[in-house]
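Student: Contents of coords_14.txt (compact mmCIF, C-alpha atoms):
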```txt
# COMPACT_ATOMS: atom_id res chain seq x y z
CA HIS A 1 -14.69 25.47 -6.21
CA THR A 2 -13.07 28.48 -4.51
CA PRO A 3 -9.85 27.35 -2.79
CA SER A 4 -9.32 27.97 0.90
CA TRP A 5 -6.30 30.15 0.21
CA PHE A 6 -8.33 32.73 -1.68
CA PRO A 7 -8.18 36.03 0.26
CA MET A 8 -11.55 36.82 1.45
CA GLN A 9 -12.97 39.12 -0.74
CA ALA A 10 -28.86 58.19 -1.73
CA GLN A 11 -29.16 61.66 -1.14
CA LYS A 12 -32.17 64.00 -1.34
CA THR A 13 -31.71 67.60 -2.35
CA SER A 14 -34.02 70.57 -2.28
CA LYS A 15 -33.86 73.67 -4.41
CA THR A 16 -33.39 76.96 -2.58
CA HIS A 17 -32.39 80.40 -3.71
CA ALA A 18 -28.64 80.57 -3.25
CA PRO A 19 -26.88 83.85 -2.50
CA ASP A 20 -24.29 85.19 -4.86
CA ALA A 21 -21.25 82.96 -4.84
CA ALA A 22 -18.24 84.14 -2.90
CA PRO A 23 -14.99 84.65 -4.76
CA ALA A 24 -13.33 81.33 -5.54
CA THR A 25 -10.61 80.25 -3.15
CA SER A 26 -8.34 77.25 -3.29
CA ALA A 27 -9.84 74.41 -1.26
CA SER A 28 -7.70 72.91 1.43
CA PRO A 29 -7.02 69.18 1.08
CA PRO A 30 -9.18 66.88 3.22
CA LYS A 31 -7.78 65.78 6.53
CA PRO A 32 -6.52 62.18 6.61
CA LEU A 33 -8.99 59.76 8.12
CA PRO A 34 -7.83 58.37 11.47
CA ALA A 35 -6.99 54.68 11.74
CA ASN A 36 -9.96 54.07 14.05
CA SER A 37 -12.38 55.09 11.29
CA LEU A 38 -12.03 51.71 9.55
CA LYS A 39 -15.21 50.33 11.11
CA THR A 40 -17.22 53.04 9.36
CA LEU A 41 -15.75 52.21 5.94
CA THR A 42 -17.08 48.66 5.56
CA LEU A 43 -20.62 47.58 4.77
CA SER A 44 -22.73 45.85 7.41
CA ASN A 45 -24.20 42.37 6.92
CA GLU A 46 -27.52 43.91 5.93
CA ASP A 47 -25.92 46.28 3.43
CA VAL A 48 -23.85 43.48 1.91
CA SER A 49 -26.93 41.32 1.38
CA GLU A 50 -28.75 44.25 -0.21
CA VAL A 51 -25.87 45.11 -2.54
CA VAL A 52 -25.21 41.50 -3.54
CA GLY A 53 -28.80 40.34 -3.73
CA LEU A 54 -27.98 37.24 -1.67
CA PRO A 55 -28.15 36.61 2.09
CA LEU A 56 -24.43 36.28 2.84
CA GLY A 57 -24.66 36.02 6.60
CA ASP A 58 -21.49 34.04 7.36
CA ARG A 59 -19.09 36.89 8.25
CA SER A 60 -15.45 36.88 9.29
CA GLN A 61 -12.89 39.62 9.89
CA PHE A 62 -9.11 39.88 9.55
CA ASP A 63 -6.77 42.58 10.82
CA SER A 64 -3.85 41.99 8.43
CA PRO A 65 -3.45 40.62 4.90
CA SER A 66 -2.26 37.01 4.95
CA ALA A 67 -1.19 36.37 1.36
CA SER A 68 2.14 37.34 -0.22
CA ALA A 69 2.86 37.75 -3.92
CA SER A 70 5.38 34.92 -3.69
CA ASP A 71 2.53 32.51 -2.78
CA TYR A 72 1.41 32.53 -6.43
CA SER A 73 2.74 31.12 -9.69
CA LYS A 74 2.93 34.66 -11.13
CA PRO A 75 3.92 37.01 -8.30
CA GLU A 76 3.61 40.07 -10.54
CA CYS A 77 -0.09 39.23 -11.07
CA ALA A 78 -0.95 38.00 -7.58
CA LEU A 79 -3.00 41.10 -6.80
CA THR A 80 -5.64 40.00 -9.31
CA LEU A 81 -6.68 37.28 -6.86
CA GLY A 82 -6.91 39.59 -3.87
CA ILE A 83 -4.99 41.91 -1.58
CA THR A 84 -1.42 40.89 -0.71
CA LYS A 85 1.00 42.15 1.92
CA ASP A 86 3.25 43.43 -0.85
CA ALA A 87 0.49 45.52 -2.43
CA LEU A 88 0.01 47.50 0.77
CA GLY A 89 3.66 48.38 1.16
CA ASP A 90 4.53 45.45 3.44
CA GLY A 91 2.83 47.00 6.44
CA GLU A 92 3.08 50.72 5.69
CA PHE A 93 -0.62 51.14 6.46
CA THR A 94 -1.72 52.65 9.78
CA ALA A 95 -4.70 50.29 10.01
CA TYR A 96 -6.19 47.46 7.97
CA ARG A 97 -9.43 45.53 8.00
CA SER A 98 -10.68 42.73 5.79
CA VAL A 99 -14.28 41.57 6.05
CA ARG A 100 -15.62 38.52 4.23
CA ASN A 101 -19.29 37.58 3.84
CA GLN A 102 -20.25 34.28 2.29
CA ALA A 103 -22.97 31.66 2.08
CA SER A 104 -23.05 28.00 1.10
CA LYS A 105 -25.64 25.53 -0.12
CA ASP A 106 -25.21 21.76 -0.36
CA ASP A 107 -21.57 22.06 0.81
CA GLY A 108 -20.71 24.52 -1.97
CA LEU A 109 -20.26 28.29 -1.95
CA ILE A 110 -23.00 30.28 -3.65
CA GLY A 111 -21.40 33.67 -3.09
CA MET A 112 -18.51 35.40 -1.35
CA PHE A 113 -18.12 39.14 -0.89
CA SER A 114 -14.88 40.64 0.44
CA GLN A 115 -14.01 44.16 1.58
CA ASN A 116 -10.41 45.24 2.21
CA VAL A 117 -9.72 48.70 3.65
CA ALA A 118 -6.39 50.27 4.63
CA THR A 119 -5.53 53.73 5.91
CA PHE A 120 -2.16 55.44 5.53
CA GLU A 121 -0.41 58.39 7.15
CA THR A 122 -1.09 60.74 4.22
CA SER A 123 -3.04 60.87 0.99
CA ASP A 124 0.24 61.04 -0.93
CA LYS A 125 1.42 57.78 0.64
CA ALA A 126 -1.88 56.04 -0.13
CA SER A 127 -1.77 57.23 -3.74
CA GLU A 128 1.86 56.19 -4.15
CA ILE A 129 1.23 52.67 -2.85
CA PHE A 130 -2.01 52.26 -4.83
CA HIS A 131 -0.50 53.19 -8.18
CA LYS A 132 2.67 51.21 -7.55
CA ALA A 133 0.56 48.13 -6.84
CA TYR A 134 -2.10 48.34 -9.55
CA ALA A 135 -0.43 50.13 -12.48
CA PRO A 136 1.59 47.04 -13.55
CA LEU A 137 -1.44 44.73 -13.88
CA GLY A 138 -2.10 45.40 -17.58
CA PRO A 139 0.32 42.71 -18.87
CA CYS A 140 -1.44 40.16 -16.65
CA ASN A 141 -4.57 40.19 -18.83
CA SER A 142 -5.46 36.63 -20.00
CA ALA A 143 -2.59 35.10 -18.01
CA ILE A 144 -3.16 31.85 -16.10
CA ILE A 145 -2.34 31.94 -12.40
CA SER A 146 -2.60 29.64 -9.41
CA ALA A 147 -1.53 29.44 -5.79
CA LYS A 148 1.57 27.34 -5.23
CA ASN A 149 -0.25 25.25 -2.62
CA ASN A 150 -3.45 24.71 -4.61
CA PRO A 151 -4.04 23.15 -8.06
CA ALA A 152 -6.95 25.46 -8.97
CA THR A 153 -6.14 27.69 -11.94
CA TRP A 154 -7.54 31.09 -12.85
CA LYS A 155 -7.60 33.15 -16.04
CA ILE A 156 -7.04 36.82 -15.31
CA LEU A 157 -9.40 39.47 -16.68
CA ALA A 158 -7.45 42.73 -16.61
CA SER A 159 -8.06 44.79 -19.73
CA GLY A 160 -7.51 48.05 -17.83
CA PRO A 161 -7.01 50.93 -17.72
CA PHE A 162 -4.85 50.89 -14.58
CA ASN A 163 -3.59 54.48 -14.47
CA GLY A 164 -6.48 56.06 -12.55
CA ASP A 165 -7.65 56.17 -8.96
CA THR A 166 -10.19 53.39 -9.64
CA VAL A 167 -9.31 50.07 -11.25
CA ARG A 168 -11.34 46.98 -12.17
CA PHE A 169 -10.25 43.43 -12.86
CA GLY A 170 -11.27 39.83 -12.24
CA ALA A 171 -10.49 36.16 -12.68
CA LEU A 172 -12.27 33.07 -14.03
CA GLN A 173 -11.68 29.73 -12.36
CA PHE A 174 -10.81 26.90 -14.76
CA THR A 175 -11.39 23.16 -14.53
CA ASP A 176 -8.50 20.69 -14.55
CA ARG A 177 -9.21 20.30 -18.28
CA GLY A 178 -8.59 23.97 -18.93
CA GLN A 179 -12.24 24.96 -19.37
CA PRO A 180 -14.10 27.75 -17.54
CA LEU A 181 -15.79 26.37 -14.44
CA GLY A 182 -18.38 29.18 -14.28
CA TRP A 183 -17.15 30.54 -10.94
CA ARG A 184 -15.61 34.00 -11.17
CA CYS A 185 -14.35 36.78 -8.92
CA ASP A 186 -14.73 40.45 -9.85
CA HIS A 187 -12.73 43.18 -8.12
CA GLN A 188 -12.73 46.95 -7.90
CA ALA A 189 -10.16 49.04 -6.02
CA HIS A 190 -10.09 52.76 -5.31
CA VAL A 191 -7.85 55.26 -3.56
CA LYS A 192 -9.24 58.43 -2.02
CA ASN A 193 -7.59 60.71 0.51
CA ASN A 194 -5.44 58.40 2.68
CA VAL A 195 -7.58 55.29 2.16
CA ILE A 196 -7.35 52.33 -0.21
CA VAL A 197 -10.51 50.26 -0.58
CA GLU A 198 -10.78 47.01 -2.52
CA ALA A 199 -13.95 44.94 -2.86
CA SER A 200 -14.62 41.69 -4.67
CA MET A 201 -17.57 39.47 -5.40
CA CYS A 202 -17.14 35.79 -6.22
CA ALA A 203 -20.15 33.95 -7.61
CA TRP A 204 -21.55 31.94 -10.50
CA ALA A 205 -22.32 35.22 -12.25
CA ASN A 206 -20.74 38.60 -12.94
CA GLY A 207 -20.03 40.22 -9.57
CA SER A 208 -18.83 43.57 -10.92
CA PRO A 209 -21.96 45.55 -9.91
CA ALA A 210 -21.62 44.43 -6.28
CA ALA A 211 -17.89 45.24 -6.14
CA THR A 212 -18.55 48.66 -7.68
CA ALA A 213 -21.32 49.44 -5.18
CA ALA A 214 -18.97 48.79 -2.26
CA VAL A 215 -16.16 50.99 -3.54
```
Just dump the structure as structure tokens.
Tutor:
Amino acid sequence: HTPSWFPMQAQKTSKTHAPDAAPATSASPPKPLPANSLKTLTLSNEDVSEVVGLPLGDRSQFDSPSASASDYSKPECALTLGITKDALGDGEFTAYRSVRNQASKDDGLIGMFSQNVATFETSDKASEIFHKAYAPLGPCNSAIISAKNNPATWKILASGPFNGDTVRFGALQFTDRGQPLGWRCDHQAHVKNNVIVEASMCAWANGSPAATAAV
């Protein structure tokens, strides 16, 4: 049901008596995370299974995005089906990692969880690329999209808003008769400091909670 081209997608506190607060000073911006920090920004197999509620033990990793916007019937909406090269500035990132966990039963997928993380030179660059990529998705809501090399069609769920540092969207797969198949992919993307993180959950149910937990 999910085509092969689809990009694969607590604290405790204690109360103590605090001293009088020091005079307020302007906080310095956080230092950019180094490119080699990527491995600390993705969930482990165990964490993925806990977040998703399914044992998704089949794991694969990719070091660069493979899809381009031009691979889809609606290039301007391609990002709703997963990270593309174009969305990340055509290689302007300093490091990239995509991790996909999935599981199958009776030759069919029962769940697929994807994490895409990219670091950039500065927080300004990450923010610029994030908003340039995601801000235009609003008009894609309810549009039908497919990959040029695959007949599967998807209805985009992108009601917005898309002007913040966190965005949510998804897609429903349709049958060849134009009816919802029941398989859906839910995405959430976020930019913070010099990092863009996008997570998605594809399943026979709403995957938004899992995508949110990862971002």
Student: Report the distance between CA of Ile145 (chain A) and CA of Gly182 (chain A) in Å, rounded to one decimal place.
Tutor: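 Value for the CA of Ile145 (chain A)-CA of Gly182 (chain A) distance: 16.4 Å.
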Student: Please provide as a compact mmCIF listing (two decimals) with C-alpha atoms, in the frame of the given file all residues within 9 Å of Val167 (chain A), with the sequence filter that same-chain residues fewer than 6 positions apart are discarded (counting all atoms listed in the file).
Tutor:
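selection-v9.txt, freshly written:
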```txt
# COMPACT_ATOMS: atom_id res chain seq x y z
CA TYR A 134 -2.10 48.34 -9.55
CA ALA A 135 -0.43 50.13 -12.48
CA GLY A 160 -7.51 48.05 -17.83
CA PRO A 161 -7.01 50.93 -17.72
CA HIS A 187 -12.73 43.18 -8.12
CA GLN A 188 -12.73 46.95 -7.90
CA ALA A 189 -10.16 49.04 -6.02
CA HIS A 190 -10.09 52.76 -5.31
```
Student: CA of Asp176 (chain A) to CA of Ala152 (chain A): how many Å, to one decimal?
Tutor: 7.5 Å
Student: Could you work out how far CA of Thr40 (chain A) lies from CA of Ala69 (chain A), giving the answer in Å with one decimal?
Tutor: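 A separation of 28.5 Å between them.
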Student: Counting all atoms listed in the file, figure out which residue out of A:Thr212, A:Thr94, A:Ser200, A:Thr153 gets nearest to Thr119 (chain A).
Tutor: A:Thr94
Student: Could you pull out every residue with an atom within 9 Å of (-20.3, 46.4, 3.8), file coordinates, counting all atoms listed in the file, and send them as a PyMOL selection string?
Tutor: chain A and resi 41-49+51+99+101+113-115+214
Student: If you count only C-alpha atoms, which residues fall within 8 Å of region 120-124 of chain A, apart from same-chain ones fewer than 4 positions away, as number ranges by chain?
Tutor: A: 32, 35, 92-95, 128, 192-195
Student: Need the shell around Gly111 (chain A): protein/DNA/RNA residues with any atom at most 7 Å away, counting all atoms listed in the file. Skip same-chain ones fewer than 3 positions apart. Format as a list in words?
Tutor: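 Here the qualifying residues turn out to be Gln102, Ala103, Cys202 and Ala203 of chain A.
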Student: Please provide as an MDAnalysis selection string all residues within 8 Å of Asp186 (chain A), with the sequence filter that same-chain residues fewer than 4 positions apart are discarded (counting only C-alpha atoms).
Tutor: chainID A and resid 168:171 200:202 206:208 211
Student: So that I can check the surroundings of Ile144 (chain A), please list as a list in words every protein, DNA and RNA residue that reaches within 8 Å of it, counting only C-alpha atoms and ignoring chain neighbours fewer than 4 positions away.
Tutor: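 After dropping sequence-adjacent residues, the list is Thr153, Trp154, Lys155 and Ile156 of chain A.
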Student: Of the residues A:Gly108, A:Asn149, A:Ile196, A:Gly91, which is the one nearest to Ser127 (chain A), using only C-alpha atoms?
Tutor: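 Among the listed residues, A:Ile196 lies closest to Ser127 (chain A).
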Student: Can you work out which one of A:Asp71, A:Glu50, A:Asp63, A:Asp58 has the shortest atom-to-atom distance to Lys148 (chain A), counting all atoms listed in the file?
Tutor: A:Asp71
